[in-house]
Amino acid sequence: MNTYLFVYDLMQFCGHSWIFTNMIIRFMTFGKGLVMRLCQLLSILEILHILTGIDKSRLFPRFLQITERIIVLFVVINSQEEVQGKYIVCVLFFLWNILDVVRYTYDMLARMGIYYLPLTWLNFSLCIPLYPLSVLAKAFAICVSLPYFESFGTYSIKLPFPFTFSIYFPYVLKMYLLVLFVGKYLIFRKLGLNTTGMPMATKNPNQCS
């Protein structure tokens with residue numbers, strides 16, 4: 001199973017490194033990027049890893065992190081072409097990828113029992129300032145998308161008579177913003193962030209991402 005997890009971490013590392021490198025070189029957003037979508041879809045496997053016991057990470061924080069990324073990427077950004085060119089999307093993807101490049105690098109080496117102190121410190125410490133910033137970036141990206149959902153009526157549903165019922169998607173996104181911040185607060189409470197920079201296990205169950 002360590003070999004499988006090593007290969008998985010390697011694939012995620014290569015994907016996020018490719019995105020990160022291109023963003024640095026070309027300073028462009030990747031709202032339509034195939035690699036970004038593939039990496040986020042592939043991350044669903046991490047939930048299965050936890051459920052089957054081959055990964056000792058905590059299920060609740062990882063589930064929230066993966067589902068909210070998929071919602072923001074596929075529902076908010078990918079569905080609105082006008083949003084994809086916004087600078088906040090570039091900032092959000094930058095934060096996601098710098099966190100993931102460090103995390104998957106650390107995980108790959110940890111599978112082999114290799115711990116580099118600077119990388120270990122970076123893995124456990126980098127998320128402390130960047131994780132809250134990514135939450136704000138996600139919230140801002142949703143706020144930026146609201147006028148487009150209001151104008152185009154994307155995902156809004158109005159049922160015909162006799163069902164006098166409708167779903168106005170911008171209201172759903174506003175409710176999701178509240179859930180986003182509450183969920184992040186709960187994650188931070190559950191994580192109990194370790195800032196000592198010392199490896200606790202091959203896969204730290206308290207790691208944020």
# chains A, B, ... in the order shown; residues from 1 in each chain; ligands from 1

$ closest_atom_pairs --of "stretch 91-125 of chain A" --to "stretch 75-86 of chain A" --cutoff "12 Å" --atoms "only C-alpha atoms" --output "JSON lines"
{"residue": "A:Val91", "atom": "CA", "partner": "A:Lys86", "partner_atom": "CA", "distance": 9.2}
{"residue": "A:Leu92", "atom": "CA", "partner": "A:Lys86", "partner_atom": "CA", "distance": 10.3}
{"residue": "A:Phe93", "atom": "CA", "partner": "A:Gln84", "partner_atom": "CA", "distance": 11.0}

$ write_last_selection --atoms "N, CA and C atoms" --output "mmCIF file, in the first residue's frame"
data_model
loop_
_atom_site.group_PDB
_atom_site.id
_atom_site.type_symbol
_atom_site.label_atom_id
_atom_site.label_comp_id
_atom_site.auth_asym_id
_atom_site.auth_seq_id
_atom_site.Cartn_x
_atom_site.Cartn_y
_atom_site.Cartn_z
ATOM 1 N N VAL A 91 -4.835 33.905 -7.951
ATOM 2 C CA VAL A 91 -4.361 33.900 -6.562
ATOM 3 C C VAL A 91 -4.793 32.626 -5.854
ATOM 4 N N LEU A 92 -6.052 32.237 -6.049
ATOM 5 C CA LEU A 92 -6.571 31.035 -5.406
ATOM 6 C C LEU A 92 -5.820 29.798 -5.855
ATOM 7 N N PHE A 93 -5.607 29.652 -7.163
ATOM 8 C CA PHE A 93 -4.888 28.488 -7.683
ATOM 9 C C PHE A 93 -3.436 28.496 -7.227
#

$ residues_around --residues "stretch 33-48 of chain A" --least-positions-apart "6" --cutoff "8 Å" --atoms "only C-alpha atoms" --output "PyMOL selection string"
chain A and resi 12+15-16+19+55+59+62-63+66+69-70+73-74

$ closest_residue --among "A:Pro170, A:Gly153, A:Pro160, A:Pro132" --to "A:Leu95" --atoms "only C-alpha atoms"
A:Pro132

$ atom_distance --atom1 "atom CA of A:Tyr87" --atom2 "atom CA of A:Ala141"
9.3 Å

$ closest_residue --among "A:Val72, A:Leu177, A:Ile88, A:Cys14" --to "A:Leu133" --atoms "only C-alpha atoms"
A:Ile88

$ atom_distance --atom1 "atom CA of A:Gly53" --atom2 "atom CA of A:Cys127"
24.6 Å

$ closest_atom_pairs --of "stretch 108-191 of chain A" --to "stretch 3-9 of chain A" --cutoff "10 Å" --atoms "only C-alpha atoms" --output "CSV"
residue,atom,partner,partner_atom,distance
A:Met108,CA,A:Phe6,CA,5.3
A:Leu109,CA,A:Phe6,CA,8.3
A:Ala110,CA,A:Phe6,CA,9.0
A:Arg111,CA,A:Phe6,CA,6.3
A:Met112,CA,A:Phe6,CA,8.4

$ residues_around --residues "A:Leu130" --least-positions-apart "6" --cutoff "12 Å" --atoms "only C-alpha atoms" --output "list in words"
Val91, Leu92, Phe93, Phe94, Leu95, Trp96, Asn97, Ile98, Leu99, Asp100, Leu122, Asn123, Phe124, Leu136, Ala137, Cys208 and Ser209 of chain A

$ select_by_dssp --residues "stretch 13-204 of chain A" --states "strand (DSSP E or B)" --output "MDAnalysis selection string"
chainID A and resid 157:158 166:167
